[in-house]
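Enquirer: The structure under discussion is supplied below as structure tokens; questions concerning it will follow.
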Amino acid sequence: MYSCSECEKCFASQGGLSKHRNTHTDKYKCTECGRCCKSSNDLTVHNRSHSGQKPFECTVCGKGYTTASYLADHSRIHSGDTPYKCHICGQALCYRKDLTRHMKTHDAEKLYKCLMCDKAFIQSASLKNHTRVHTGDKPYKCFVCDKVFSVSGALKSHIKVHTRDKPYKCLMCDKAFSHSGGLSRHMRVHTGDKPYTCLICDKTFSQSGALNKHMRLHRRDKLFKCSMCDKAFGRYGDLNRHMTVHTRSKLCTIESVQPSADTQM
């Protein structure tokens, strides 16, 4: 590790440290705000924040960006590409920052627990949003059609229905969508990707709604059978809850046959 003598930041290479040291000198200094950059390229990019210049333009929606890397990130909205994959749960994401944020959900302790179910959250705001599932509270109201929503993000997505704004365009056909999620689902028509798998019969589906519809067939079949009685259930969770009946019964039986302290003496 190469450590900076000015601020004690550490770097994996001598070259990284050399570039960083420029931030402590006036070699690449912005004449507008006085910020010191580590290279001439960084200074050029930084100057665009003052000039408003965005030379890298998206060919699909025309949005401009200050760097080619920002444009590359934005392009994934249109292509539906999700190159960043979580190695723990397998969730795929468009951006590195989203993956970094997602990884914290595995590492962080979930201190905010719901009093109505067994769910827990890392942030108090997430718990607050979740609680509305139980209370039915929908404080976010559409000013056009009076439709109400439990979270602000859902309202923002809904507004696009009225504005007819469809910035997410498919590069393989002429379809466009209001939300990136709609484009991602549509892209599976072209790629043939089926990420939703039935845990009972291994059948795969391109959309979660199709899997949910398929699962109803299994629920009617009641494939989850109790090994201790003749009852059967359509959901594995229902079977699990039912098994506690036998577990409690068994514990009561064991307690009733335990010899008392007087008997042992």
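Lettering and numbering for the structure tokens are positional, with chains as A, B, ... in the shown order, residues counted from 1 in each chain, and ligands counted from 1 in the shown order.
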Sort by chain and increasing residue number a table of all residues of range 189-212 of chain A within 12 Å of range 72-81 of chain A, each with its closest pair of atoms and their distance in Å to one decimal, counting only C-alpha atoms, and write it as a Markdown table.
Expert:
```
| residue | atom | partner | partner_atom | distance |
| --- | --- | --- | --- | --- |
| A:Val189 | CA | A:Gly80 | CA | 11.8 |
| A:His190 | CA | A:Ser79 | CA | 11.1 |
| A:Thr191 | CA | A:Gly80 | CA | 10.4 |
| A:Asp193 | CA | A:Gly80 | CA | 11.7 |
```
Enquirer: What residues in range 33-213 of chain A get the DSSP label strand (DSSP E)? Please answer as a list in words.
Expert: Phe56, Glu57, Gly64, Tyr65, Tyr84, Lys85, Ala92, Leu93, Tyr112, Lys113, Ala120, Phe121, Tyr140, Lys141, Val148, Phe149, Tyr168, Lys169, Ala176, Phe177, Tyr196, Thr197, Thr204 and Phe205 of chain A
Enquirer: Please, could you write that set of residues out with N, CA and C atoms as a compact mmCIF listing (two decimals), in the first residue's frame?
Expert:
```txt
# COMPACT_ATOMS: atom_id res chain seq x y z
N PHE A 56 -21.29 14.05 -24.79
CA PHE A 56 -21.63 12.64 -25.06
C PHE A 56 -23.15 12.48 -25.01
N GLU A 57 -23.74 12.31 -26.21
CA GLU A 57 -25.19 12.31 -26.34
C GLU A 57 -25.73 10.93 -26.67
N GLY A 64 -27.78 14.19 -22.78
CA GLY A 64 -26.34 14.42 -22.85
C GLY A 64 -25.64 14.16 -21.54
N TYR A 65 -24.34 13.77 -21.62
CA TYR A 65 -23.54 13.46 -20.44
C TYR A 65 -22.14 14.05 -20.57
N TYR A 84 -23.97 -6.12 -13.55
CA TYR A 84 -23.48 -6.23 -12.17
C TYR A 84 -24.36 -7.20 -11.39
N LYS A 85 -23.78 -8.34 -11.02
CA LYS A 85 -24.55 -9.41 -10.38
C LYS A 85 -24.09 -9.65 -8.95
N ALA A 92 -29.33 -9.24 -10.52
CA ALA A 92 -28.55 -8.51 -11.52
C ALA A 92 -29.00 -7.05 -11.57
N LEU A 93 -28.04 -6.14 -11.67
CA LEU A 93 -28.33 -4.71 -11.63
C LEU A 93 -27.62 -3.96 -12.76
N TYR A 112 -34.64 -2.30 12.16
CA TYR A 112 -36.00 -1.79 12.16
C TYR A 112 -36.97 -2.91 11.82
N LYS A 113 -37.63 -3.44 12.84
CA LYS A 113 -38.49 -4.62 12.69
C LYS A 113 -39.96 -4.23 12.67
N ALA A 120 -37.87 -7.26 8.54
CA ALA A 120 -37.00 -6.27 9.18
C ALA A 120 -36.26 -5.50 8.10
N PHE A 121 -35.83 -4.27 8.42
CA PHE A 121 -35.24 -3.38 7.43
C PHE A 121 -34.00 -2.68 8.00
N TYR A 140 -49.82 9.40 -1.07
CA TYR A 140 -49.38 10.07 -2.30
C TYR A 140 -50.49 10.01 -3.35
N LYS A 141 -51.04 11.19 -3.69
CA LYS A 141 -52.20 11.27 -4.56
C LYS A 141 -51.86 11.91 -5.90
N VAL A 148 -54.34 6.99 -5.66
CA VAL A 148 -53.44 7.15 -4.51
C VAL A 148 -52.45 5.98 -4.43
N PHE A 149 -51.29 6.27 -3.82
CA PHE A 149 -50.20 5.29 -3.73
C PHE A 149 -49.57 5.33 -2.34
N TYR A 168 -37.83 5.10 -22.49
CA TYR A 168 -37.10 3.83 -22.55
C TYR A 168 -37.49 3.07 -23.82
N LYS A 169 -36.63 3.17 -24.84
CA LYS A 169 -36.94 2.62 -26.15
C LYS A 169 -36.16 1.34 -26.43
N ALA A 176 -41.69 1.42 -27.01
CA ALA A 176 -41.11 2.32 -26.00
C ALA A 176 -41.91 2.18 -24.71
N PHE A 177 -41.26 2.49 -23.59
CA PHE A 177 -41.88 2.27 -22.28
C PHE A 177 -41.67 3.46 -21.36
N TYR A 196 -37.63 -16.54 -14.04
CA TYR A 196 -38.52 -16.95 -12.96
C TYR A 196 -38.81 -18.45 -13.07
N THR A 197 -38.36 -19.21 -12.08
CA THR A 197 -38.46 -20.67 -12.11
C THR A 197 -39.42 -21.18 -11.05
N THR A 204 -40.00 -22.58 -16.37
CA THR A 204 -39.47 -21.21 -16.30
C THR A 204 -40.38 -20.23 -17.04
N PHE A 205 -40.31 -18.96 -16.61
CA PHE A 205 -41.17 -17.92 -17.17
C PHE A 205 -40.39 -16.62 -17.33
```
Enquirer: Quick check for you: according to DSSP on this backbone, which residues of range 18-147 of chain A are classed as alpha helix (DSSP H)? Reply as a ChimeraX atom specification.
Expert: /A:18-21,40-51,68-79,96-107,124-135
Enquirer: What does the file look like for those residues with N, CA and C atoms, as a short mmCIF file (atom, residue, chain, number, x, y, z; two decimals), in the first residue's frame?
Expert:
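After the write, part.cif holds the following:
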```cif
data_model
loop_
_atom_site.label_atom_id
_atom_site.label_comp_id
_atom_site.auth_asym_id
_atom_site.auth_seq_id
_atom_site.Cartn_x
_atom_site.Cartn_y
_atom_site.Cartn_z
N SER A 18 0.79 8.91 -7.18
CA SER A 18 1.35 10.08 -7.89
C SER A 18 0.24 10.97 -8.42
N LYS A 19 -0.80 10.36 -9.01
CA LYS A 19 -1.93 11.13 -9.53
C LYS A 19 -2.67 11.83 -8.38
N HIS A 20 -2.84 11.11 -7.28
CA HIS A 20 -3.55 11.68 -6.14
C HIS A 20 -2.82 12.89 -5.57
N ARG A 21 -1.50 12.87 -5.55
CA ARG A 21 -0.71 13.97 -4.98
C ARG A 21 -0.98 15.29 -5.70
N SER A 40 -5.08 16.16 -16.04
CA SER A 40 -5.64 17.14 -16.97
C SER A 40 -7.01 16.69 -17.48
N ASN A 41 -7.17 15.38 -17.64
CA ASN A 41 -8.46 14.85 -18.10
C ASN A 41 -9.55 15.10 -17.06
N ASP A 42 -9.22 14.88 -15.78
CA ASP A 42 -10.19 15.14 -14.71
C ASP A 42 -10.55 16.62 -14.65
N LEU A 43 -9.58 17.47 -14.90
CA LEU A 43 -9.84 18.91 -14.89
C LEU A 43 -10.77 19.30 -16.04
N THR A 44 -10.55 18.68 -17.22
CA THR A 44 -11.41 18.94 -18.38
C THR A 44 -12.86 18.55 -18.08
N VAL A 45 -13.03 17.35 -17.47
CA VAL A 45 -14.37 16.87 -17.12
C VAL A 45 -14.99 17.79 -16.07
N HIS A 46 -14.20 18.18 -15.07
CA HIS A 46 -14.70 19.06 -14.01
C HIS A 46 -15.16 20.41 -14.57
N ASN A 47 -14.43 20.95 -15.53
CA ASN A 47 -14.78 22.26 -16.12
C ASN A 47 -16.16 22.24 -16.78
N ARG A 48 -16.58 21.04 -17.20
CA ARG A 48 -17.90 20.92 -17.84
C ARG A 48 -19.02 21.19 -16.83
N SER A 49 -18.74 21.01 -15.54
CA SER A 49 -19.76 21.31 -14.52
C SER A 49 -20.02 22.81 -14.44
N HIS A 50 -19.06 23.61 -14.86
CA HIS A 50 -19.23 25.07 -14.88
C HIS A 50 -19.80 25.54 -16.22
N SER A 51 -19.35 24.93 -17.29
CA SER A 51 -19.78 25.38 -18.63
C SER A 51 -21.12 24.78 -19.05
N ALA A 68 -17.95 9.73 -21.26
CA ALA A 68 -18.38 8.55 -22.02
C ALA A 68 -18.87 7.44 -21.09
N SER A 69 -18.27 7.36 -19.90
CA SER A 69 -18.67 6.30 -18.95
C SER A 69 -20.08 6.55 -18.43
N TYR A 70 -20.44 7.83 -18.20
CA TYR A 70 -21.81 8.13 -17.78
C TYR A 70 -22.81 7.78 -18.88
N LEU A 71 -22.43 8.04 -20.12
CA LEU A 71 -23.29 7.69 -21.25
C LEU A 71 -23.45 6.17 -21.35
N ALA A 72 -22.36 5.43 -21.14
CA ALA A 72 -22.41 3.96 -21.19
C ALA A 72 -23.36 3.42 -20.12
N ASP A 73 -23.30 4.01 -18.92
CA ASP A 73 -24.22 3.60 -17.85
C ASP A 73 -25.66 3.87 -18.24
N HIS A 74 -25.91 5.07 -18.79
CA HIS A 74 -27.27 5.45 -19.19
C HIS A 74 -27.81 4.53 -20.28
N SER A 75 -26.96 4.10 -21.21
CA SER A 75 -27.39 3.27 -22.34
C SER A 75 -28.02 1.95 -21.89
N ARG A 76 -27.66 1.50 -20.71
CA ARG A 76 -28.22 0.23 -20.21
C ARG A 76 -29.71 0.34 -19.93
N ILE A 77 -30.19 1.57 -19.72
CA ILE A 77 -31.63 1.79 -19.54
C ILE A 77 -32.37 1.34 -20.79
N HIS A 78 -31.80 1.65 -21.96
CA HIS A 78 -32.44 1.31 -23.22
C HIS A 78 -32.20 -0.15 -23.62
N SER A 79 -31.02 -0.66 -23.32
CA SER A 79 -30.68 -2.03 -23.73
C SER A 79 -31.19 -3.10 -22.76
N ARG A 96 -23.03 -0.09 -11.09
CA ARG A 96 -22.15 -0.51 -10.00
C ARG A 96 -22.62 0.07 -8.66
N LYS A 97 -23.05 1.33 -8.66
CA LYS A 97 -23.49 1.98 -7.42
C LYS A 97 -24.72 1.26 -6.84
N ASP A 98 -25.59 0.74 -7.75
CA ASP A 98 -26.75 0.00 -7.27
C ASP A 98 -26.33 -1.32 -6.63
N LEU A 99 -25.30 -1.95 -7.20
CA LEU A 99 -24.79 -3.19 -6.62
C LEU A 99 -24.17 -2.93 -5.25
N THR A 100 -23.41 -1.83 -5.15
CA THR A 100 -22.80 -1.46 -3.86
C THR A 100 -23.87 -1.24 -2.81
N ARG A 101 -24.95 -0.53 -3.19
CA ARG A 101 -26.06 -0.28 -2.27
C ARG A 101 -26.76 -1.59 -1.91
N HIS A 102 -26.92 -2.46 -2.91
CA HIS A 102 -27.60 -3.75 -2.68
C HIS A 102 -26.80 -4.64 -1.74
N MET A 103 -25.48 -4.65 -1.87
CA MET A 103 -24.64 -5.51 -1.03
C MET A 103 -24.77 -5.16 0.45
N LYS A 104 -25.09 -3.91 0.74
CA LYS A 104 -25.25 -3.49 2.14
C LYS A 104 -26.45 -4.19 2.78
N THR A 105 -27.42 -4.60 1.96
CA THR A 105 -28.58 -5.29 2.52
C THR A 105 -28.21 -6.66 3.06
N HIS A 106 -27.11 -7.23 2.54
CA HIS A 106 -26.65 -8.53 3.05
C HIS A 106 -25.77 -8.36 4.29
N ASP A 107 -25.01 -7.26 4.33
CA ASP A 107 -24.04 -7.06 5.42
C ASP A 107 -24.64 -6.39 6.64
N SER A 124 -35.05 3.13 8.64
CA SER A 124 -36.36 3.42 9.23
C SER A 124 -37.37 3.82 8.15
N ALA A 125 -36.88 4.49 7.09
CA ALA A 125 -37.78 4.90 6.00
C ALA A 125 -38.37 3.68 5.28
N SER A 126 -37.57 2.63 5.13
CA SER A 126 -38.04 1.41 4.48
C SER A 126 -39.13 0.75 5.33
N LEU A 127 -38.94 0.76 6.65
CA LEU A 127 -39.95 0.20 7.55
C LEU A 127 -41.24 1.01 7.47
N LYS A 128 -41.10 2.33 7.40
CA LYS A 128 -42.27 3.21 7.32
C LYS A 128 -43.08 2.91 6.05
N ASN A 129 -42.37 2.74 4.93
CA ASN A 129 -43.05 2.41 3.67
C ASN A 129 -43.73 1.06 3.76
N HIS A 130 -43.03 0.07 4.37
CA HIS A 130 -43.57 -1.28 4.48
C HIS A 130 -44.82 -1.32 5.35
N THR A 131 -44.84 -0.53 6.44
CA THR A 131 -45.97 -0.53 7.38
C THR A 131 -47.28 -0.19 6.68
N ARG A 132 -47.19 0.58 5.60
CA ARG A 132 -48.41 0.94 4.86
C ARG A 132 -49.07 -0.27 4.20
N VAL A 133 -48.32 -1.36 4.03
CA VAL A 133 -48.90 -2.60 3.50
C VAL A 133 -49.96 -3.10 4.48
N HIS A 134 -49.69 -2.96 5.79
CA HIS A 134 -50.62 -3.42 6.82
C HIS A 134 -51.72 -2.40 7.10
N THR A 135 -51.36 -1.12 7.11
CA THR A 135 -52.34 -0.08 7.47
C THR A 135 -53.23 0.34 6.29
#
```
Enquirer: Please identify all polymer residues within 12 Å of range 208-210 of chain A, counting only C-alpha atoms, omitting same-chain residues fewer than 4 positions from it, and present them as a list in words.
Expert: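 What passes the distance filter is Arg185, Lys194, Pro195, Tyr196, Thr197, Cys198, Lys203, Thr204, His214, Met215, Arg216 and Leu217 of chain A.
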Enquirer: Mind giving me the straight-line distance from CA of Leu211 in chain A to CA of Asp230 in chain A in Å, one decimal?
Expert: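 Interatomic distance here is 27.9 Å.
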Enquirer: By how many Å are CA of Lys138 in chain A and CA of Gly237 in chain A apart?
Expert: 28.3 Å
Enquirer: For a quick check of understanding, using only C-alpha atoms, which of A:Pro167, A:Lys160, A:Gly34, A:His246 has the smallest distance to Thr59 in chain A?
Expert: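 Distance minimum relative to Thr59 in chain A lands on A:Pro167.
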Enquirer: Find the residues near Glu8 in chain A: any atom within 12 Å, counting only C-alpha atoms, skip ones fewer than 4 places away on the same chain, and give them as a PDB file with N, CA and C atoms, in the first residue's frame.
Expert:
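Final file, out-v7.pdb:
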```
ATOM      1  N   MET A   1       0.839  -1.196   0.000  1.00  0.00           N
ATOM      2  CA  MET A   1       0.000   0.000   0.000  1.00  0.00           C
ATOM      3  C   MET A   1       0.877   1.250   0.000  1.00  0.00           C
ATOM      4  N   TYR A   2       0.494   2.217  -0.853  1.00  0.00           N
ATOM      5  CA  TYR A   2       1.232   3.474  -0.953  1.00  0.00           C
ATOM      6  C   TYR A   2       0.395   4.565  -0.286  1.00  0.00           C
ATOM      7  N   SER A   3       0.949   5.166   0.778  1.00  0.00           N
ATOM      8  CA  SER A   3       0.204   6.118   1.587  1.00  0.00           C
ATOM      9  C   SER A   3       0.599   7.558   1.258  1.00  0.00           C
ATOM     10  N   CYS A   4      -0.404   8.442   1.196  1.00  0.00           N
ATOM     11  CA  CYS A   4      -0.163   9.865   0.949  1.00  0.00           C
ATOM     12  C   CYS A   4       0.268  10.525   2.254  1.00  0.00           C
ATOM     13  N   LEU A  17      -0.911   6.790  -6.426  1.00  0.00           N
ATOM     14  CA  LEU A  17      -0.499   7.768  -5.427  1.00  0.00           C
ATOM     15  C   LEU A  17       0.004   9.051  -6.090  1.00  0.00           C
ATOM     16  N   HIS A  20      -2.838  11.108  -7.278  1.00  0.00           N
ATOM     17  CA  HIS A  20      -3.549  11.681  -6.138  1.00  0.00           C
ATOM     18  C   HIS A  20      -2.823  12.893  -5.573  1.00  0.00           C
ATOM     19  N   ARG A  21      -1.498  12.865  -5.546  1.00  0.00           N
ATOM     20  CA  ARG A  21      -0.713  13.967  -4.981  1.00  0.00           C
ATOM     21  C   ARG A  21      -0.982  15.287  -5.698  1.00  0.00           C
TER      22      ARG A  21
END
```
